[in-house]
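S.K.: The file below is final_1.cif, mmCIF, C-alpha atoms:
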data_start
loop_
_atom_site.group_PDB
_atom_site.id
_atom_site.type_symbol
_atom_site.label_atom_id
_atom_site.label_comp_id
_atom_site.auth_asym_id
_atom_site.auth_seq_id
_atom_site.Cartn_x
_atom_site.Cartn_y
_atom_site.Cartn_z
ATOM 1 C CA MET I 1 51.209 100.169 123.616
ATOM 2 C CA THR I 2 53.719 99.406 126.285
ATOM 3 C CA PHE I 3 57.481 99.681 126.304
ATOM 4 C CA ARG I 4 57.777 95.910 126.038
ATOM 5 C CA SER I 5 55.457 95.591 123.042
ATOM 6 C CA LEU I 6 57.257 98.375 121.162
ATOM 7 C CA VAL I 7 60.650 96.802 121.843
ATOM 8 C CA ILE I 8 59.396 93.411 120.639
ATOM 9 C CA ARG I 9 57.933 95.085 117.538
ATOM 10 C CA ASP I 10 61.223 96.844 116.817
ATOM 11 C CA LEU I 11 63.214 93.625 117.279
ATOM 12 C CA VAL I 12 60.888 91.695 114.960
ATOM 13 C CA LEU I 13 61.135 94.423 112.324
ATOM 14 C CA ALA I 14 64.934 94.535 112.675
ATOM 15 C CA THR I 15 65.202 90.798 112.082
ATOM 16 C CA ARG I 16 62.796 90.917 109.132
ATOM 17 C CA ILE I 17 64.449 93.853 107.426
ATOM 18 C CA GLY I 18 67.932 92.723 108.396
ATOM 19 C CA GLY I 19 71.237 94.340 107.640
ATOM 20 C CA GLY I 20 71.416 96.721 110.616
ATOM 21 C CA GLY I 21 73.176 94.676 113.263
ATOM 22 C CA ALA I 22 75.030 92.421 110.850
ATOM 23 C CA MET I 23 76.215 95.375 108.793
ATOM 24 C CA ALA I 24 77.422 97.210 111.912
ATOM 25 C CA VAL I 25 79.328 94.185 113.200
ATOM 26 C CA GLY I 26 80.749 93.500 109.750
ATOM 27 C CA PHE I 27 81.989 97.061 109.424
ATOM 28 C CA PHE I 28 83.453 96.910 112.942
ATOM 29 C CA LEU I 29 85.302 93.680 112.149
ATOM 30 C CA VAL I 30 86.667 94.962 108.856
ATOM 31 C CA ALA I 31 87.676 98.395 110.167
ATOM 32 C CA ALA I 32 89.298 97.047 113.308
ATOM 33 C CA THR I 33 91.152 94.151 111.683
ATOM 34 C CA LEU I 34 92.584 96.193 108.806
ATOM 35 C CA HIS I 35 94.577 98.465 111.113
ATOM 36 C CA PRO I 36 96.958 95.765 112.396
ATOM 37 C CA LEU I 37 97.582 94.718 108.808
ATOM 38 C CA GLY I 38 98.464 98.290 107.838
ATOM 39 C CA ILE I 39 100.513 99.160 110.908
ATOM 40 C CA GLY I 40 102.541 95.991 111.111
ATOM 41 C CA PRO I 41 103.223 93.233 113.603
ATOM 42 C CA GLU I 42 104.784 95.345 116.353
ATOM 43 C CA LEU I 43 102.775 94.152 119.370
ATOM 44 C CA ILE I 44 103.764 96.980 121.727
ATOM 45 C CA LEU I 45 102.467 99.611 119.306
ATOM 46 C CA LEU I 46 99.290 97.625 118.604
ATOM 47 C CA ARG I 47 98.516 97.305 122.322
ATOM 48 C CA ARG I 48 98.975 101.031 122.796
ATOM 49 C CA ILE I 49 96.654 102.120 119.972
ATOM 50 C CA ALA I 50 94.074 99.320 120.221
ATOM 51 C CA PRO I 51 91.512 101.021 122.499
ATOM 52 C CA GLY I 52 91.341 104.112 120.305
ATOM 53 C CA ILE I 53 91.027 102.169 117.089
ATOM 54 C CA LEU I 54 88.392 99.838 118.510
ATOM 55 C CA TRP I 55 86.397 102.772 119.852
ATOM 56 C CA VAL I 56 86.502 104.668 116.563
ATOM 57 C CA ALA I 57 85.503 101.529 114.650
ATOM 58 C CA ALA I 58 82.623 100.895 117.087
ATOM 59 C CA LEU I 59 81.342 104.471 116.850
ATOM 60 C CA LEU I 60 81.530 104.510 113.065
ATOM 61 C CA SER I 61 79.727 101.175 112.832
ATOM 62 C CA CYS I 62 77.039 102.534 115.148
ATOM 63 C CA LEU I 63 76.593 105.543 112.870
ATOM 64 C CA LEU I 64 75.888 103.279 109.893
ATOM 65 C CA SER I 65 72.503 102.252 111.202
ATOM 66 C CA LEU I 66 71.442 105.376 113.093
ATOM 67 C CA ASP I 67 69.734 106.984 110.120
ATOM 68 C CA ARG I 68 67.454 103.971 109.773
ATOM 69 C CA MET I 69 66.261 104.147 113.355
ATOM 70 C CA PHE I 70 63.047 105.990 112.475
ATOM 71 C CA GLN I 71 63.195 105.899 108.671
ATOM 72 C CA ALA I 72 60.793 103.030 107.949
ATOM 73 C CA ASP I 73 58.198 104.269 110.435
ATOM 74 C CA GLU I 74 58.493 107.797 109.093
ATOM 75 C CA GLU I 75 57.958 106.640 105.505
ATOM 76 C CA ASP I 76 54.894 104.463 106.119
ATOM 77 C CA GLY I 77 53.200 106.763 108.638
ATOM 78 C CA THR I 78 53.622 104.536 111.682
ATOM 79 C CA LEU I 79 55.657 107.221 113.417
ATOM 80 C CA ASP I 80 52.757 109.673 113.128
ATOM 81 C CA LEU I 81 50.356 107.114 114.580
ATOM 82 C CA LEU I 82 52.725 106.361 117.458
ATOM 83 C CA LEU I 83 53.064 110.058 118.223
ATOM 84 C CA LEU I 84 49.288 110.505 118.175
ATOM 85 C CA SER I 85 48.789 107.570 120.535
ATOM 86 C CA SER I 86 49.043 107.811 124.292
ATOM 87 C CA PHE I 87 52.689 106.712 124.191
ATOM 88 C CA SER I 88 54.990 109.627 125.006
ATOM 89 C CA PRO I 89 57.615 110.836 122.503
ATOM 90 C CA THR I 90 60.301 110.340 125.137
ATOM 91 C CA GLY I 91 59.135 106.772 125.668
ATOM 92 C CA LEU I 92 59.219 106.195 121.935
ATOM 93 C CA ILE I 93 62.805 107.413 121.749
ATOM 94 C CA LEU I 94 63.785 105.259 124.736
ATOM 95 C CA THR I 95 62.305 102.151 123.132
ATOM 96 C CA ARG I 96 64.154 102.845 119.885
ATOM 97 C CA VAL I 97 67.428 103.458 121.672
ATOM 98 C CA PHE I 98 67.039 100.230 123.635
ATOM 99 C CA SER I 99 66.028 98.222 120.548
ATOM 100 C CA HIS I 100 68.907 99.680 118.556
ATOM 101 C CA TRP I 101 71.286 98.823 121.357
ATOM 102 C CA LEU I 102 70.029 95.220 121.397
ATOM 103 C CA THR I 103 70.412 94.806 117.639
ATOM 104 C CA THR I 104 73.704 96.649 117.079
ATOM 105 C CA GLY I 105 75.378 97.543 120.385
ATOM 106 C CA LEU I 106 75.207 94.159 122.044
ATOM 107 C CA PRO I 107 76.693 92.305 119.034
ATOM 108 C CA LEU I 108 79.512 94.907 118.912
ATOM 109 C CA ILE I 109 80.255 94.374 122.587
ATOM 110 C CA ILE I 110 80.314 90.615 122.057
ATOM 111 C CA ALA I 111 82.634 90.952 119.032
ATOM 112 C CA ALA I 112 85.032 93.402 120.731
ATOM 113 C CA PRO I 113 87.070 90.829 122.730
ATOM 114 C CA TYR I 114 87.683 88.716 119.644
ATOM 115 C CA VAL I 115 88.899 91.706 117.658
ATOM 116 C CA SER I 116 91.011 92.939 120.552
ATOM 117 C CA MET I 117 92.905 89.635 120.506
ATOM 118 C CA ALA I 118 94.350 90.720 117.153
ATOM 119 C CA TYR I 119 95.918 93.639 119.009
ATOM 120 C CA GLY I 120 97.297 91.487 121.808
ATOM 121 C CA LEU I 121 95.268 93.191 124.543
ATOM 122 C CA GLU I 122 95.386 91.639 127.975
ATOM 123 C CA TYR I 123 92.275 90.309 129.666
ATOM 124 C CA SER I 124 91.873 93.285 131.995
ATOM 125 C CA SER I 125 92.113 95.710 129.066
ATOM 126 C CA MET I 126 89.518 93.697 127.144
ATOM 127 C CA MET I 127 87.106 93.806 130.068
ATOM 128 C CA THR I 128 87.645 97.555 130.509
ATOM 129 C CA LEU I 129 86.982 98.077 126.810
ATOM 130 C CA MET I 130 83.807 95.982 126.927
ATOM 131 C CA LEU I 131 82.556 97.760 130.041
ATOM 132 C CA SER I 132 83.191 101.189 128.538
ATOM 133 C CA MET I 133 81.399 100.157 125.336
ATOM 134 C CA LEU I 134 78.529 98.768 127.384
ATOM 135 C CA LEU I 135 78.110 102.078 129.173
ATOM 136 C CA ALA I 136 78.768 104.465 126.301
ATOM 137 C CA HIS I 137 77.048 102.803 123.346
ATOM 138 C CA PRO I 138 73.515 103.786 124.446
ATOM 139 C CA CYS I 139 74.740 107.380 124.697
ATOM 140 C CA SER I 140 76.061 107.251 121.155
ATOM 141 C CA VAL I 141 72.723 105.879 119.953
ATOM 142 C CA TRP I 142 71.056 109.040 121.285
ATOM 143 C CA TRP I 143 72.627 110.830 118.310
ATOM 144 C CA GLY I 144 70.197 109.052 115.979
ATOM 145 C CA PRO I 145 66.972 110.890 116.763
ATOM 146 C CA TRP I 146 68.710 114.246 116.975
ATOM 147 C CA ALA I 147 70.785 113.733 113.834
ATOM 148 C CA ARG I 148 67.614 113.281 111.798
ATOM 149 C CA ARG I 149 66.091 116.330 113.479
ATOM 150 C CA LEU I 150 62.859 114.573 114.229
ATOM 151 C CA ARG I 151 60.285 116.728 115.875
ATOM 152 C CA LEU I 152 58.763 114.461 118.463
ATOM 153 C CA GLY I 153 56.880 116.854 120.603
#
Could you spell out this file's structure in structure tokens?
M.R.:
Amino acid sequence: MTFRSLVIRDLVLATRIGGGGAMAVGFFLVAATLHPLGIGPELILLRRIAPGILWVAALLSCLLSLDRMFQADEEDGTLDLLLLSSFSPTGLILTRVFSHWLTTGLPLIIAAPYVSMAYGLEYSSMMTLMLSMLLAHPCSVWWGPWARRLRLG
């Protein structure tokens, strides 16, 4: 199997099973939009705390689906077959990280500017936030394989 075929397989399975990306974006939207309601309408304060709140909401929403990254394949034995094939364990992790980023990280990055409008962020701050999420989200997805303590080698 190649990287491309595994990514396509993971994307097809993610759309069939559902819930991962939509649940992460839904949690992000709820968590990030409830803070302005609780803090109040003071725009200066909201602008100052917005990046931190949006980052915490994005990281927590990413954590919601990390435990399911290898769960289905581990339960039905597909993970064992993939590890016994010629595909390297590192390559398997890279394909999962990339697939997870496509199904959860990319929708979060797309939703971030709309949520940041509730905080009154300027355009340059929105772009900085999106760029930082674009760079750091794949790193946060790396927690998934290690959090489940999978032995892939």
S.K.: May I ask which of the residues I:Glu122, I:Ala24, I:Leu64, I:Ile49 is the closest one to Ile109 of chain I, counting all atoms listed in the file?
M.R.: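 Selected residue with least distance to Ile109 of chain I: I:Ala24.
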S.K.: Between atom CA of His100 of chain I and atom CA of Leu121 of chain I, what is the distance, to one decimal in Å?
M.R.: 27.8 Å
S.K.: Report as a PyMOL selection string the residues that result from applying the PyMOL selection byres ((chain I and resi 25) around 12) to the structure here.
M.R.: chain I and resi 19-24+26-33+54+57-65+103-112+114-115
S.K.: Restrict the selected residues to C-alpha atoms and save them as a PDB file, keeping the file's coordinate frame.
M.R.:
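Written file, selection-v9.pdb:
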ATOM      1  CA  GLY I  19      71.237  94.340 107.640  1.00  0.00           C
ATOM      2  CA  GLY I  20      71.416  96.721 110.616  1.00  0.00           C
ATOM      3  CA  GLY I  21      73.176  94.676 113.263  1.00  0.00           C
ATOM      4  CA  ALA I  22      75.030  92.421 110.850  1.00  0.00           C
ATOM      5  CA  MET I  23      76.215  95.375 108.793  1.00  0.00           C
ATOM      6  CA  ALA I  24      77.422  97.210 111.912  1.00  0.00           C
ATOM      7  CA  GLY I  26      80.749  93.500 109.750  1.00  0.00           C
ATOM      8  CA  PHE I  27      81.989  97.061 109.424  1.00  0.00           C
ATOM      9  CA  PHE I  28      83.453  96.910 112.942  1.00  0.00           C
ATOM     10  CA  LEU I  29      85.302  93.680 112.149  1.00  0.00           C
ATOM     11  CA  VAL I  30      86.667  94.962 108.856  1.00  0.00           C
ATOM     12  CA  ALA I  31      87.676  98.395 110.167  1.00  0.00           C
ATOM     13  CA  ALA I  32      89.298  97.047 113.308  1.00  0.00           C
ATOM     14  CA  THR I  33      91.152  94.151 111.683  1.00  0.00           C
ATOM     15  CA  LEU I  54      88.392  99.838 118.510  1.00  0.00           C
ATOM     16  CA  ALA I  57      85.503 101.529 114.650  1.00  0.00           C
ATOM     17  CA  ALA I  58      82.623 100.895 117.087  1.00  0.00           C
ATOM     18  CA  LEU I  59      81.342 104.471 116.850  1.00  0.00           C
ATOM     19  CA  LEU I  60      81.530 104.510 113.065  1.00  0.00           C
ATOM     20  CA  SER I  61      79.727 101.175 112.832  1.00  0.00           C
ATOM     21  CA  CYS I  62      77.039 102.534 115.148  1.00  0.00           C
ATOM     22  CA  LEU I  63      76.593 105.543 112.870  1.00  0.00           C
ATOM     23  CA  LEU I  64      75.888 103.279 109.893  1.00  0.00           C
ATOM     24  CA  SER I  65      72.503 102.252 111.202  1.00  0.00           C
ATOM     25  CA  THR I 103      70.412  94.806 117.639  1.00  0.00           C
ATOM     26  CA  THR I 104      73.704  96.649 117.079  1.00  0.00           C
ATOM     27  CA  GLY I 105      75.378  97.543 120.385  1.00  0.00           C
ATOM     28  CA  LEU I 106      75.207  94.159 122.044  1.00  0.00           C
ATOM     29  CA  PRO I 107      76.693  92.305 119.034  1.00  0.00           C
ATOM     30  CA  LEU I 108      79.512  94.907 118.912  1.00  0.00           C
ATOM     31  CA  ILE I 109      80.255  94.374 122.587  1.00  0.00           C
ATOM     32  CA  ILE I 110      80.314  90.615 122.057  1.00  0.00           C
ATOM     33  CA  ALA I 111      82.634  90.952 119.032  1.00  0.00           C
ATOM     34  CA  ALA I 112      85.032  93.402 120.731  1.00  0.00           C
ATOM     35  CA  TYR I 114      87.683  88.716 119.644  1.00  0.00           C
ATOM     36  CA  VAL I 115      88.899  91.706 117.658  1.00  0.00           C
TER      37      VAL I 115
END
S.K.: Which residue is closest to Trp101 of chain I? Choose from I:Leu134, I:Val12, I:Ser85, I:Asp73 and count all atoms listed in the file.
M.R.: I:Leu134
S.K.: In Å to one decimal, how far is atom CA of Pro51 of chain I from atom CA of Met127 of chain I?
M.R.: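 These atoms are spaced 11.3 Å apart.
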S.K.: Using all atoms listed in the file, pick whichever of I:Met130, I:Cys139, I:Ala118, I:Ile8 has the shortest atom-to-atom distance to Glu42 of chain I.
M.R.: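 Of I:Met130, I:Cys139, I:Ala118, I:Ile8, the one nearest Glu42 of chain I, counting all atoms listed in the file, is I:Ala118.
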